[in-house]
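Structure file run_12.txt; described as compact mmCIF, N, CA, C and O atoms.
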```txt
# COMPACT_ATOMS: atom_id res chain seq x y z
N MET Y 278 72.98 79.19 127.11
CA MET Y 278 72.72 79.83 128.39
C MET Y 278 72.06 81.19 128.22
O MET Y 278 71.29 81.61 129.05
N SER Y 279 72.36 81.87 127.11
CA SER Y 279 71.78 83.19 126.91
C SER Y 279 70.28 83.10 126.69
O SER Y 279 69.54 84.02 127.03
N ASP Y 280 69.80 81.99 126.10
CA ASP Y 280 68.35 81.81 125.94
C ASP Y 280 67.67 81.73 127.30
O ASP Y 280 66.61 82.34 127.50
N LYS Y 281 68.30 81.01 128.23
CA LYS Y 281 67.74 80.89 129.57
C LYS Y 281 67.76 82.24 130.28
O LYS Y 281 66.80 82.62 130.94
N SER Y 282 68.84 82.97 130.11
CA SER Y 282 68.96 84.29 130.72
C SER Y 282 67.90 85.23 130.15
O SER Y 282 67.27 86.00 130.89
N ASP Y 283 67.69 85.17 128.86
CA ASP Y 283 66.66 86.00 128.23
C ASP Y 283 65.27 85.62 128.75
O ASP Y 283 64.46 86.50 129.05
N LEU Y 284 65.01 84.33 128.87
CA LEU Y 284 63.72 83.88 129.41
C LEU Y 284 63.54 84.35 130.85
O LEU Y 284 62.44 84.77 131.24
N GLU Y 285 64.61 84.27 131.65
CA GLU Y 285 64.52 84.73 133.03
C GLU Y 285 64.23 86.22 133.08
O GLU Y 285 63.39 86.66 133.88
N ASN Y 286 64.91 87.00 132.25
CA ASN Y 286 64.65 88.45 132.22
C ASN Y 286 63.22 88.74 131.80
O ASN Y 286 62.56 89.62 132.37
N ARG Y 287 62.73 88.02 130.82
CA ARG Y 287 61.34 88.20 130.39
C ARG Y 287 60.37 87.78 131.49
O ARG Y 287 59.33 88.41 131.69
N ALA Y 288 60.71 86.71 132.22
CA ALA Y 288 59.86 86.25 133.32
C ALA Y 288 59.84 87.29 134.45
O ALA Y 288 58.78 87.56 135.02
N ILE Y 289 60.99 87.88 134.74
CA ILE Y 289 61.05 88.91 135.78
C ILE Y 289 60.19 90.10 135.36
O ILE Y 289 59.42 90.64 136.16
N GLU Y 290 60.31 90.52 134.12
CA GLU Y 290 59.49 91.61 133.61
C GLU Y 290 58.00 91.24 133.71
O GLU Y 290 57.17 92.06 134.10
N ALA Y 291 57.67 90.01 133.39
CA ALA Y 291 56.28 89.55 133.46
C ALA Y 291 55.78 89.55 134.90
O ALA Y 291 54.62 89.90 135.16
N ILE Y 292 56.63 89.20 135.84
CA ILE Y 292 56.26 89.23 137.27
C ILE Y 292 55.96 90.67 137.68
O ILE Y 292 54.96 90.95 138.34
N TRP Y 293 56.82 91.59 137.29
CA TRP Y 293 56.59 93.00 137.62
C TRP Y 293 55.29 93.49 137.00
O TRP Y 293 54.51 94.19 137.65
N ASN Y 294 55.07 93.14 135.75
CA ASN Y 294 53.82 93.55 135.08
C ASN Y 294 52.61 92.97 135.80
O ASN Y 294 51.59 93.64 135.96
N TYR Y 295 52.71 91.71 136.22
CA TYR Y 295 51.61 91.07 136.93
C TYR Y 295 51.35 91.78 138.26
O TYR Y 295 50.21 92.08 138.61
N ARG Y 296 52.42 92.05 139.00
CA ARG Y 296 52.27 92.74 140.29
C ARG Y 296 51.59 94.10 140.12
O ARG Y 296 50.71 94.47 140.90
N GLU Y 297 52.03 94.85 139.11
CA GLU Y 297 51.44 96.17 138.87
C GLU Y 297 49.97 96.04 138.48
O GLU Y 297 49.13 96.79 138.98
N ALA Y 298 49.66 95.11 137.59
CA ALA Y 298 48.28 94.91 137.16
C ALA Y 298 47.41 94.48 138.34
O ALA Y 298 46.26 94.93 138.48
N PHE Y 299 47.95 93.63 139.20
CA PHE Y 299 47.22 93.16 140.37
C PHE Y 299 46.92 94.33 141.31
O PHE Y 299 45.80 94.46 141.83
N ALA Y 300 47.90 95.20 141.51
CA ALA Y 300 47.70 96.36 142.38
C ALA Y 300 46.64 97.30 141.80
O ALA Y 300 45.80 97.83 142.54
N VAL Y 301 46.67 97.51 140.49
CA VAL Y 301 45.68 98.38 139.85
C VAL Y 301 44.28 97.80 140.02
O VAL Y 301 43.34 98.53 140.37
N VAL Y 302 44.13 96.51 139.81
CA VAL Y 302 42.82 95.88 139.98
C VAL Y 302 42.34 96.05 141.42
O VAL Y 302 41.17 96.37 141.65
N GLY Y 303 43.22 95.89 142.38
CA GLY Y 303 42.84 96.08 143.78
C GLY Y 303 42.33 97.48 144.06
O GLY Y 303 41.30 97.66 144.71
N ARG Y 304 43.05 98.48 143.54
CA ARG Y 304 42.62 99.87 143.74
C ARG Y 304 41.27 100.13 143.06
O ARG Y 304 40.39 100.78 143.63
N LEU Y 305 41.11 99.61 141.86
CA LEU Y 305 39.85 99.84 141.14
C LEU Y 305 38.68 99.09 141.77
O LEU Y 305 37.54 99.58 141.74
N GLU Y 306 38.94 97.93 142.36
CA GLU Y 306 37.88 97.22 143.07
C GLU Y 306 37.39 98.06 144.25
O GLU Y 306 36.18 98.14 144.51
N ARG Y 307 38.31 98.70 144.96
CA ARG Y 307 37.91 99.56 146.08
C ARG Y 307 37.09 100.75 145.58
O ARG Y 307 36.09 101.12 146.20
N LYS Y 308 37.49 101.34 144.46
CA LYS Y 308 36.73 102.46 143.89
C LYS Y 308 35.34 102.01 143.47
O LYS Y 308 34.35 102.72 143.67
N GLU Y 309 35.25 100.83 142.87
CA GLU Y 309 33.95 100.32 142.44
C GLU Y 309 33.05 100.07 143.65
O GLU Y 309 31.87 100.40 143.62
N ARG Y 310 33.59 99.50 144.71
CA ARG Y 310 32.79 99.27 145.93
C ARG Y 310 32.28 100.60 146.50
O ARG Y 310 31.13 100.70 146.92
N SER Y 311 33.13 101.61 146.49
CA SER Y 311 32.74 102.92 146.99
C SER Y 311 31.61 103.50 146.12
O SER Y 311 30.63 104.06 146.65
N ALA Y 312 31.74 103.38 144.82
CA ALA Y 312 30.70 103.87 143.91
C ALA Y 312 29.40 103.10 144.12
O ALA Y 312 28.31 103.69 144.11
N HIS Y 313 29.50 101.81 144.34
CA HIS Y 313 28.31 100.99 144.58
C HIS Y 313 27.62 101.42 145.87
O HIS Y 313 26.38 101.55 145.92
N ARG Y 314 28.41 101.65 146.92
CA ARG Y 314 27.82 102.11 148.19
C ARG Y 314 27.10 103.44 148.00
O ARG Y 314 26.01 103.65 148.52
N ALA Y 315 27.73 104.36 147.25
CA ALA Y 315 27.09 105.66 147.01
C ALA Y 315 25.77 105.49 146.27
O ALA Y 315 24.78 106.15 146.59
N LEU Y 316 25.76 104.59 145.31
CA LEU Y 316 24.54 104.35 144.54
C LEU Y 316 23.45 103.75 145.42
O LEU Y 316 22.29 104.17 145.37
N THR Y 317 23.80 102.77 146.24
CA THR Y 317 22.78 102.16 147.09
C THR Y 317 22.28 103.12 148.16
O THR Y 317 21.13 103.03 148.59
N ARG Y 318 23.12 104.08 148.58
CA ARG Y 318 22.67 105.07 149.56
C ARG Y 318 21.67 106.06 148.96
O ARG Y 318 20.80 106.56 149.67
N ILE Y 319 21.80 106.34 147.68
CA ILE Y 319 20.92 107.33 147.06
C ILE Y 319 19.54 106.75 146.74
O ILE Y 319 18.56 107.49 146.66
N LEU Y 320 19.43 105.45 146.57
CA LEU Y 320 18.14 104.85 146.19
C LEU Y 320 17.01 105.16 147.16
O LEU Y 320 15.93 105.56 146.72
N PRO Y 321 17.19 105.02 148.47
CA PRO Y 321 16.09 105.38 149.38
C PRO Y 321 15.72 106.87 149.27
O PRO Y 321 14.55 107.22 149.36
N GLU Y 322 16.73 107.72 149.07
CA GLU Y 322 16.45 109.15 148.93
C GLU Y 322 15.61 109.42 147.68
O GLU Y 322 14.71 110.26 147.70
N LEU Y 323 15.91 108.70 146.61
CA LEU Y 323 15.11 108.84 145.39
C LEU Y 323 13.66 108.44 145.65
O LEU Y 323 12.73 109.10 145.20
N GLY Y 324 13.47 107.36 146.38
CA GLY Y 324 12.12 106.91 146.71
C GLY Y 324 11.36 107.93 147.54
O GLY Y 324 10.19 108.22 147.27
N ARG Y 325 12.04 108.50 148.54
CA ARG Y 325 11.39 109.52 149.37
C ARG Y 325 11.05 110.76 148.54
O ARG Y 325 9.97 111.34 148.68
N ALA Y 326 11.97 111.16 147.66
CA ALA Y 326 11.72 112.34 146.82
C ALA Y 326 10.54 112.09 145.88
O ALA Y 326 9.73 112.99 145.66
N LEU Y 327 10.44 110.89 145.37
CA LEU Y 327 9.34 110.56 144.47
C LEU Y 327 8.01 110.60 145.23
O LEU Y 327 7.02 111.15 144.74
N ARG Y 328 7.98 110.04 146.43
CA ARG Y 328 6.75 110.03 147.23
C ARG Y 328 6.36 111.43 147.71
O ARG Y 328 5.18 111.74 147.84
N SER Y 329 7.34 112.27 147.95
CA SER Y 329 7.03 113.61 148.48
C SER Y 329 6.45 114.53 147.42
O SER Y 329 5.82 115.53 147.76
N GLN Y 330 6.65 114.21 146.19
CA GLN Y 330 6.18 115.01 145.06
C GLN Y 330 6.76 116.42 145.08
O GLN Y 330 6.19 117.35 144.52
N ASP Y 331 7.90 116.57 145.74
CA ASP Y 331 8.62 117.85 145.74
C ASP Y 331 9.55 117.84 144.53
O ASP Y 331 10.55 117.15 144.51
N THR Y 332 9.20 118.61 143.51
CA THR Y 332 9.94 118.57 142.25
C THR Y 332 11.41 118.93 142.44
O THR Y 332 12.28 118.31 141.85
N ARG Y 333 11.67 119.93 143.24
CA ARG Y 333 13.06 120.35 143.46
C ARG Y 333 13.87 119.24 144.13
O ARG Y 333 14.99 118.93 143.72
N CYS Y 334 13.29 118.65 145.13
CA CYS Y 334 13.96 117.55 145.85
C CYS Y 334 14.16 116.36 144.89
O CYS Y 334 15.23 115.74 144.89
N PHE Y 335 13.15 116.08 144.09
CA PHE Y 335 13.24 114.96 143.15
C PHE Y 335 14.33 115.22 142.11
O PHE Y 335 15.15 114.35 141.83
N LYS Y 336 14.38 116.43 141.56
CA LYS Y 336 15.40 116.77 140.56
C LYS Y 336 16.81 116.67 141.16
O LYS Y 336 17.73 116.19 140.52
N ASN Y 337 16.95 117.13 142.38
CA ASN Y 337 18.24 117.05 143.06
C ASN Y 337 18.64 115.59 143.28
O ASN Y 337 19.80 115.21 143.05
N SER Y 338 17.69 114.77 143.70
CA SER Y 338 17.98 113.34 143.91
C SER Y 338 18.33 112.65 142.60
O SER Y 338 19.24 111.80 142.56
N ILE Y 339 17.66 113.01 141.53
CA ILE Y 339 17.96 112.44 140.21
C ILE Y 339 19.37 112.83 139.79
O ILE Y 339 20.13 112.01 139.27
N LYS Y 340 19.74 114.08 140.02
CA LYS Y 340 21.07 114.56 139.66
C LYS Y 340 22.15 113.78 140.44
O LYS Y 340 23.13 113.33 139.86
N ILE Y 341 21.93 113.63 141.73
CA ILE Y 341 22.89 112.90 142.56
C ILE Y 341 22.93 111.43 142.15
O ILE Y 341 24.00 110.83 142.04
N GLY Y 342 21.75 110.85 141.90
CA GLY Y 342 21.69 109.45 141.47
C GLY Y 342 22.37 109.23 140.14
O GLY Y 342 23.08 108.25 139.94
N SER Y 343 22.17 110.15 139.23
CA SER Y 343 22.80 110.05 137.91
C SER Y 343 24.33 110.10 138.03
O SER Y 343 25.04 109.35 137.36
N ALA Y 344 24.82 110.97 138.89
CA ALA Y 344 26.27 111.06 139.12
C ALA Y 344 26.79 109.76 139.71
O ALA Y 344 27.87 109.29 139.34
N ALA Y 345 26.04 109.17 140.63
CA ALA Y 345 26.45 107.90 141.25
C ALA Y 345 26.48 106.77 140.21
O ALA Y 345 27.39 105.94 140.19
N VAL Y 346 25.47 106.74 139.33
CA VAL Y 346 25.44 105.73 138.27
C VAL Y 346 26.63 105.91 137.33
O VAL Y 346 27.30 104.95 136.97
N SER Y 347 26.91 107.15 136.96
CA SER Y 347 28.05 107.42 136.08
C SER Y 347 29.36 106.99 136.73
O SER Y 347 30.23 106.41 136.08
N ARG Y 348 29.48 107.29 138.01
CA ARG Y 348 30.69 106.91 138.75
C ARG Y 348 30.86 105.39 138.77
O ARG Y 348 31.96 104.88 138.56
N GLN Y 349 29.77 104.67 139.01
CA GLN Y 349 29.88 103.22 139.02
C GLN Y 349 30.14 102.66 137.63
O GLN Y 349 30.93 101.73 137.47
N ASN Y 350 29.52 103.22 136.61
CA ASN Y 350 29.78 102.76 135.24
C ASN Y 350 31.24 102.96 134.87
O ASN Y 350 31.86 102.09 134.25
N GLU Y 351 31.79 104.11 135.24
CA GLU Y 351 33.20 104.37 134.96
C GLU Y 351 34.09 103.39 135.72
O GLU Y 351 35.06 102.86 135.16
N ALA Y 352 33.74 103.13 136.97
CA ALA Y 352 34.52 102.19 137.77
C ALA Y 352 34.48 100.80 137.15
O ALA Y 352 35.50 100.11 137.07
N TRP Y 353 33.30 100.38 136.69
CA TRP Y 353 33.17 99.06 136.05
C TRP Y 353 34.00 98.98 134.78
O TRP Y 353 34.67 97.98 134.51
N ALA Y 354 33.93 100.02 133.96
CA ALA Y 354 34.69 100.03 132.70
C ALA Y 354 36.19 99.95 132.98
O ALA Y 354 36.91 99.16 132.35
N ASN Y 355 36.66 100.75 133.94
CA ASN Y 355 38.08 100.72 134.29
C ASN Y 355 38.48 99.37 134.87
O ASN Y 355 39.56 98.84 134.57
N LEU Y 356 37.63 98.81 135.70
CA LEU Y 356 37.91 97.52 136.31
C LEU Y 356 37.94 96.41 135.27
O LEU Y 356 38.80 95.52 135.30
N THR Y 357 37.03 96.46 134.31
CA THR Y 357 37.00 95.47 133.25
C THR Y 357 38.29 95.51 132.43
O THR Y 357 38.90 94.48 132.14
N GLU Y 358 38.72 96.71 132.09
CA GLU Y 358 39.96 96.88 131.33
C GLU Y 358 41.17 96.40 132.13
O GLU Y 358 42.04 95.69 131.62
N ALA Y 359 41.23 96.78 133.40
CA ALA Y 359 42.36 96.38 134.25
C ALA Y 359 42.38 94.87 134.47
O ALA Y 359 43.45 94.26 134.52
N THR Y 360 41.22 94.26 134.58
CA THR Y 360 41.14 92.81 134.76
C THR Y 360 41.64 92.09 133.51
O THR Y 360 42.33 91.07 133.61
N ALA Y 361 41.34 92.65 132.35
CA ALA Y 361 41.84 92.06 131.10
C ALA Y 361 43.37 92.15 131.06
O ALA Y 361 44.05 91.19 130.65
N ARG Y 362 43.93 93.29 131.49
CA ARG Y 362 45.40 93.42 131.53
C ARG Y 362 46.00 92.43 132.53
O ARG Y 362 47.05 91.83 132.28
N LEU Y 363 45.33 92.26 133.68
CA LEU Y 363 45.81 91.30 134.68
C LEU Y 363 45.80 89.89 134.11
O LEU Y 363 46.75 89.12 134.28
N ASP Y 364 44.73 89.53 133.43
CA ASP Y 364 44.63 88.20 132.84
C ASP Y 364 45.71 87.99 131.78
O ASP Y 364 46.32 86.91 131.71
N SER Y 365 45.97 89.00 130.99
CA SER Y 365 47.02 88.92 129.98
C SER Y 365 48.39 88.75 130.63
O SER Y 365 49.20 87.93 130.19
N ALA Y 366 48.63 89.51 131.69
CA ALA Y 366 49.90 89.41 132.42
C ALA Y 366 50.05 88.01 133.03
O ALA Y 366 51.14 87.42 133.01
N ARG Y 367 48.95 87.48 133.56
CA ARG Y 367 48.98 86.14 134.14
C ARG Y 367 49.29 85.08 133.07
O ARG Y 367 50.10 84.19 133.28
N SER Y 368 48.67 85.22 131.92
CA SER Y 368 48.90 84.26 130.82
C SER Y 368 50.34 84.30 130.35
O SER Y 368 50.96 83.26 130.11
N THR Y 369 50.88 85.51 130.20
CA THR Y 369 52.28 85.67 129.79
C THR Y 369 53.21 85.03 130.81
O THR Y 369 54.13 84.29 130.46
N LEU Y 370 52.95 85.31 132.07
CA LEU Y 370 53.78 84.75 133.14
C LEU Y 370 53.69 83.23 133.17
O LEU Y 370 54.71 82.55 133.30
N ALA Y 371 52.51 82.69 133.00
CA ALA Y 371 52.33 81.23 133.00
C ALA Y 371 53.08 80.60 131.83
O ALA Y 371 53.72 79.55 131.99
N ALA Y 372 53.04 81.23 130.66
CA ALA Y 372 53.75 80.70 129.50
C ALA Y 372 55.25 80.70 129.73
O ALA Y 372 55.95 79.72 129.40
N LEU Y 373 55.76 81.78 130.32
CA LEU Y 373 57.20 81.84 130.60
C LEU Y 373 57.60 80.83 131.67
O LEU Y 373 58.68 80.23 131.59
N GLU Y 374 56.73 80.63 132.64
CA GLU Y 374 57.02 79.62 133.67
C GLU Y 374 57.09 78.23 133.05
O GLU Y 374 57.96 77.43 133.39
N ARG Y 375 56.18 77.94 132.12
CA ARG Y 375 56.23 76.64 131.45
C ARG Y 375 57.53 76.48 130.65
O ARG Y 375 58.14 75.41 130.66
N GLN Y 376 57.96 77.54 130.00
CA GLN Y 376 59.19 77.46 129.21
C GLN Y 376 60.43 77.29 130.10
O GLN Y 376 61.32 76.51 129.78
N LEU Y 377 60.45 78.02 131.21
CA LEU Y 377 61.60 77.95 132.11
C LEU Y 377 61.54 76.74 133.04
O LEU Y 377 62.57 76.20 133.42
N GLY Y 378 60.36 76.36 133.43
CA GLY Y 378 60.20 75.29 134.41
C GLY Y 378 60.17 75.81 135.84
O GLY Y 378 60.06 75.04 136.79
N TYR Y 379 60.30 77.10 136.01
CA TYR Y 379 60.27 77.73 137.33
C TYR Y 379 60.06 79.23 137.12
O TYR Y 379 60.13 79.73 136.00
N LEU Y 380 59.82 79.92 138.22
CA LEU Y 380 59.77 81.38 138.18
C LEU Y 380 60.97 81.92 138.94
O LEU Y 380 61.26 81.46 140.05
N PRO Y 381 61.69 82.87 138.36
CA PRO Y 381 62.83 83.45 139.07
C PRO Y 381 62.36 84.23 140.29
O PRO Y 381 61.24 84.75 140.31
N LYS Y 382 63.19 84.30 141.29
CA LYS Y 382 62.85 85.07 142.49
C LYS Y 382 63.00 86.56 142.19
O LYS Y 382 63.98 86.98 141.59
N VAL Y 383 62.00 87.31 142.59
CA VAL Y 383 62.01 88.75 142.42
C VAL Y 383 61.59 89.34 143.76
O VAL Y 383 60.43 89.25 144.14
N SER Y 384 62.56 89.93 144.48
CA SER Y 384 62.22 90.40 145.81
C SER Y 384 61.79 91.87 145.83
O SER Y 384 60.83 92.20 146.47
N LYS Y 385 62.49 92.73 145.11
CA LYS Y 385 62.17 94.15 145.17
C LYS Y 385 61.21 94.53 144.04
O LYS Y 385 61.36 94.06 142.92
N PRO Y 386 60.26 95.40 144.35
CA PRO Y 386 59.44 95.92 143.26
C PRO Y 386 60.30 96.82 142.39
O PRO Y 386 61.23 97.44 142.88
N ARG Y 387 59.98 96.86 141.12
CA ARG Y 387 60.80 97.72 140.25
C ARG Y 387 60.47 99.17 140.50
O ARG Y 387 59.39 99.52 140.93
N ASP Y 388 61.43 100.01 140.22
CA ASP Y 388 61.27 101.44 140.40
C ASP Y 388 60.27 101.98 139.40
O ASP Y 388 60.47 101.82 138.21
N SER Y 389 59.19 102.57 139.89
CA SER Y 389 58.14 103.05 138.98
C SER Y 389 58.41 104.47 138.51
O SER Y 389 57.62 105.04 137.79
N GLY Y 390 59.46 105.10 138.94
CA GLY Y 390 59.75 106.49 138.56
C GLY Y 390 60.78 106.53 137.56
O GLY Y 390 61.06 106.93 136.59
```
What would you get if you wrote out this structure as structure tokens?
Amino acid sequence: MSDKSDLENRAIEAIWNYREAFAVVGRLERKERSAHRALTRILPELGRALRSQDTRCFKNSIKIGSAAVSRQNEAWANLTEATARLDSARSTLAALERQLGYLPKVSKPRDSG
């Protein structure tokens, strides 16, 4: 019986890890969408600055565009890492479910503090 209890405890821990990883991916997806919107908003401004041949305006647009690209690259990198953690948590949970034959009920989120 202690083996089953240990598996259940590990499955509960895996459920919590999955929930946390899922929440992180959700937050990072929202950040990535925001960064993408910022990048797509700057593109027309870059085009106008290029056509105007105003060096100051062009340099400012390049600076803003570069910051938007960096923000999106960072968001993608973080999202890629978080997605890998989510996939790992899902795999662990699936393996424990196969061993137990069910998933234990977990109603409350664990205390993160």
key: Spatial neighbours of Y:Leu373, 7 Å, all atoms listed in the file, chain gap at least 6 places, as a list in words   = Leu284, Arg287, Ala288, Arg367, Tyr379 and Leu380 of chain Y
request  = Mind giving me the straight-line distance from atom O of Y:Leu356 to atom N of Y:Ile289 in Å, one decimal?
outcome  = 23.5 Å
task = For atom N of Y:Arg296 and atom C of Y:Arg310, determine how far apart the two atoms are, in Å to one decimal place.
result = 23.1 Å
request  = Select, from Y:Val302, Y:Leu320, Y:Ile341, Y:Ala291, the residue with the minimum atom-to-atom distance to Y:Ser365, counting only N, CA, C and O atoms.
outcome  = Y:Ala291
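Each of Y:Gln376, Y:Asn355, Y:Thr332, Y:Ser338 was compared to Y:Lys308 using only C-alpha atoms, and Y:Asn355 turns out to be the nearest.
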task = Could you pull out every residue with an atom within 9 Å of (30.4, 105.2, 139.1), file coordinates, counting only C-alpha atoms, and send them as a VMD selection string?
result = chain Y and resid 308 to 309 311 to 313 315 to 316 344 to 353
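Taking atom O of Y:Lys281 and atom N of Y:Gly378 as the two end points, the separation is 9.3 Å.
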query = In terms of the shortest atom-to-atom distance over only C-alpha atoms, which of Y:Val383, Y:Leu363, Y:Ala372, Y:Ala326 is closest to Y:Tyr295?
reply =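 Smallest distance to Y:Tyr295 is found for Y:Leu363.
The residue that comes closest to Y:Lys382, out of Y:Glu306, Y:Glu285, Y:Asp331, Y:Asp364 and on the basis of only N, CA, C and O atoms, is Y:Glu285.
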remark   = Restricting to all atoms listed in the file, whichever of Y:Arg375, Y:Ile339, Y:Glu358, Y:Ala366 is closest to Y:Glu290 is Y:Ala366
ask   = Nearest to Y:Ala361: which of Y:Leu377, Y:Arg318, Y:Gly342, Y:Ala298 is it, counting only C-alpha atoms?
value = Y:Ala298
Missing atoms in stretch 368-376 of chain Y: can you complete it with all heavy atoms, as a compact mmCIF listing (two decimals), keeping the file's coordinate frame?
```txt
# COMPACT_ATOMS: atom_id res chain seq x y z
N SER Y 368 48.67 85.22 131.92
CA SER Y 368 48.90 84.26 130.82
C SER Y 368 50.34 84.30 130.35
O SER Y 368 50.96 83.26 130.11
CB SER Y 368 47.97 84.57 129.64
OG SER Y 368 46.64 84.36 130.02
N THR Y 369 50.88 85.51 130.20
CA THR Y 369 52.28 85.67 129.79
C THR Y 369 53.21 85.03 130.81
O THR Y 369 54.13 84.29 130.46
CB THR Y 369 52.62 87.16 129.62
OG1 THR Y 369 51.77 87.72 128.62
CG2 THR Y 369 54.07 87.36 129.24
N LEU Y 370 52.95 85.31 132.07
CA LEU Y 370 53.78 84.75 133.14
C LEU Y 370 53.69 83.23 133.17
O LEU Y 370 54.71 82.55 133.30
CB LEU Y 370 53.33 85.34 134.48
CG LEU Y 370 54.16 85.00 135.70
CD1 LEU Y 370 55.63 85.36 135.49
CD2 LEU Y 370 53.61 85.72 136.91
N ALA Y 371 52.51 82.69 133.00
CA ALA Y 371 52.33 81.23 133.00
C ALA Y 371 53.08 80.60 131.83
O ALA Y 371 53.72 79.55 131.99
CB ALA Y 371 50.85 80.87 132.93
N ALA Y 372 53.04 81.23 130.66
CA ALA Y 372 53.75 80.70 129.50
C ALA Y 372 55.25 80.70 129.73
O ALA Y 372 55.95 79.72 129.40
CB ALA Y 372 53.40 81.51 128.25
N LEU Y 373 55.76 81.78 130.32
CA LEU Y 373 57.20 81.84 130.60
C LEU Y 373 57.60 80.83 131.67
O LEU Y 373 58.68 80.23 131.59
CB LEU Y 373 57.59 83.27 131.01
CG LEU Y 373 57.57 84.27 129.87
CD1 LEU Y 373 57.60 85.70 130.41
CD2 LEU Y 373 58.73 84.03 128.92
N GLU Y 374 56.73 80.63 132.64
CA GLU Y 374 57.02 79.62 133.67
C GLU Y 374 57.09 78.23 133.05
O GLU Y 374 57.96 77.43 133.39
CB GLU Y 374 55.96 79.65 134.77
CG GLU Y 374 56.25 78.64 135.88
CD GLU Y 374 55.17 78.61 136.94
OE1 GLU Y 374 54.03 79.04 136.68
OE2 GLU Y 374 55.49 78.13 138.05
N ARG Y 375 56.18 77.94 132.12
CA ARG Y 375 56.23 76.64 131.45
C ARG Y 375 57.53 76.48 130.65
O ARG Y 375 58.14 75.41 130.66
CB ARG Y 375 55.03 76.47 130.52
CG ARG Y 375 53.74 76.09 131.24
CD ARG Y 375 52.63 75.67 130.28
NE ARG Y 375 52.26 76.71 129.33
CZ ARG Y 375 51.40 77.69 129.56
NH1 ARG Y 375 50.81 77.78 130.74
NH2 ARG Y 375 51.11 78.59 128.64
N GLN Y 376 57.96 77.54 130.00
CA GLN Y 376 59.19 77.46 129.21
C GLN Y 376 60.43 77.29 130.10
O GLN Y 376 61.32 76.51 129.78
CB GLN Y 376 59.37 78.72 128.35
CG GLN Y 376 58.40 78.80 127.20
CD GLN Y 376 58.55 80.11 126.43
OE1 GLN Y 376 59.34 80.98 126.77
NE2 GLN Y 376 57.77 80.24 125.37
```
